[in-house]
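Read the structure below first, then the notes.
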Amino acid sequence: MKKLLIIGGIIVVIFGLLIFLNNQSNETKLKHNPYGKEDLEQSTIGLLGNENYSNIVLPDELYEKVKSGESVTAYFFSPECPYCMEMTPILMPIAEKNDIHVYQYNMLEFKNEAQPYGITSWPALIHYKDGKEVARSVGLPKNPEQDIQAFFDAYDEEK
């Protein structure tokens with residue numbers, strides 16, 4: 001019985017230590033987060049500092065950019081979407097290679113604010129020009145590299 005209590009105590013201490021270390025890690029990551037709020041979902045916190053998620057856009061900022069008539073490419077994703085997690089590491093290097101800034105909109109954190117864009121599923125890559133949507137790709141393409149490049153090429157010719 002005494003051994004069982006000792007083992008149980010050790011397990012409780014280990015779990016307590018893991019929780020403490022996770023909270024410390026989260027606090028460090030949250031200090032300079034681009035979301036403008038501290039109450040982020042754990043899966044979003046896990047992406048903080050990941051170079052593939054460095055172009056985060058807030059709802060008001062994206063709305064203003066689209067409304068202004070700028071040429072804007074927005075990528076709507078969720079950190080809990082397996083297709084998004086597969087597509088992002090393919091998408092962002094292709095965008096960088098093409099010198100295209102892709103604004104990343106986190107649907108997990110700002111789903112309600114995304115209503116003006118008609119997003120019903122993700123990942124969604126959308127290009128806006130003159131305040132209007134001109135191209136949309138939804139879901140993980142069968143040939144991601146080729147299809148993403150084709151998406152960029154289609155509106156890059158407009159420039």
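Note on naming: chains are A, B, ... as they come in the structure tokens, residues start from 1 per chain, ligands start from 1 in the order shown.
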key: Who sits within 12 Å of Ser54 (chain A), only C-alpha atoms, same chain under 4 positions skipped, as a PyMOL selection string   = chain A and resi 32-35+47-50+88-89+92-93+96+101-106
Kindly save the residues from that selection, with C-alpha atoms included, as a CSV table (one decimal), in the first residue's frame.
```
chain,number,residue,atom,x,y,z
A,32,HIS,CA,4.5,38.6,-28.8
A,33,ASN,CA,1.5,36.9,-30.5
A,34,PRO,CA,0.0,38.5,-33.6
A,35,TYR,CA,-3.6,37.9,-32.6
A,47,LEU,CA,1.7,27.5,-34.1
A,48,LEU,CA,3.1,30.7,-32.6
A,49,GLY,CA,6.7,31.0,-33.8
A,50,ASN,CA,6.2,28.7,-36.7
A,88,THR,CA,0.3,25.6,-45.4
A,89,PRO,CA,3.9,24.3,-45.6
A,92,MET,CA,3.8,29.6,-48.0
A,93,PRO,CA,7.1,28.7,-49.8
A,96,GLU,CA,7.4,33.5,-51.1
A,101,HIS,CA,2.1,38.2,-49.6
A,102,VAL,CA,-0.5,35.8,-48.4
A,103,TYR,CA,-2.5,37.1,-45.4
A,104,GLN,CA,-3.3,34.2,-43.1
A,105,TYR,CA,-6.7,34.3,-41.4
A,106,ASN,CA,-7.2,31.9,-38.4
```
request  = Compile the contact shell of Ala95 (chain A) as a VMD selection string: residues with an atom at most 12 Å away, counting only C-alpha atoms, same-chain residues fewer than 3 positions apart removed.
outcome  = chain A and resid 52 55 73 to 75 88 to 92 98 to 104 125 145 148 to 153 156
ask   = Which is closest to Val66 (chain A) among A:Asp147, A:Tyr117, A:Gly139, A:Ala124, if we use only C-alpha atoms?
value = A:Tyr117
key: Which of region 37-124 of chain A DSSP labels strand (DSSP E or B), written as a PyMOL selection string   = chain A and resi 56+72-77+102-106+124
task = Could you tell me how far CA of Trp122 (chain A) lies from CA of Pro144 (chain A), in Å and to one decimal?
result = 14.3 Å
Against region 37-40 of chain A, which residues of region 62-130 of chain A fall within 12 Å? For each one I want the closest pair of atoms and the distance in Å (one decimal), counting only C-alpha atoms, rows by chain and increasing residue number, as a Markdown table.
```
| residue | atom | partner | partner_atom | distance |
| --- | --- | --- | --- | --- |
| A:Pro79 | CA | A:Leu40 | CA | 11.4 |
| A:Asn106 | CA | A:Leu40 | CA | 10.8 |
| A:Met107 | CA | A:Leu40 | CA | 11.9 |
| A:Leu108 | CA | A:Leu40 | CA | 9.1 |
| A:Glu109 | CA | A:Leu40 | CA | 7.0 |
| A:Phe110 | CA | A:Leu40 | CA | 10.4 |
```
ask   = So which bits of region 44-143 of chain A end up helix (DSSP H, G or I) when you DSSP the backbone, as JSON, numbers by chain?
value = {"A": [44, 45, 51, 52, 53, 59, 60, 61, 62, 63, 64, 65, 66, 67, 82, 83, 84, 85, 86, 87, 88, 89, 90, 91, 92, 93, 94, 95, 96, 97, 107, 108, 109, 110, 112, 113, 114, 115, 116, 117]}
task = Work out how far apart CA of Lys132 (chain A) and CA of Phe77 (chain A) are and give it in Å to one decimal.
result = 20.1 Å
query = Can you tell me how far CA of Ile119 (chain A) sits from CA of Lys67 (chain A), in Å to one decimal?
reply =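 Computing the Euclidean distance for CA of Ile119 (chain A) and CA of Lys67 (chain A) yields 17.0 Å.
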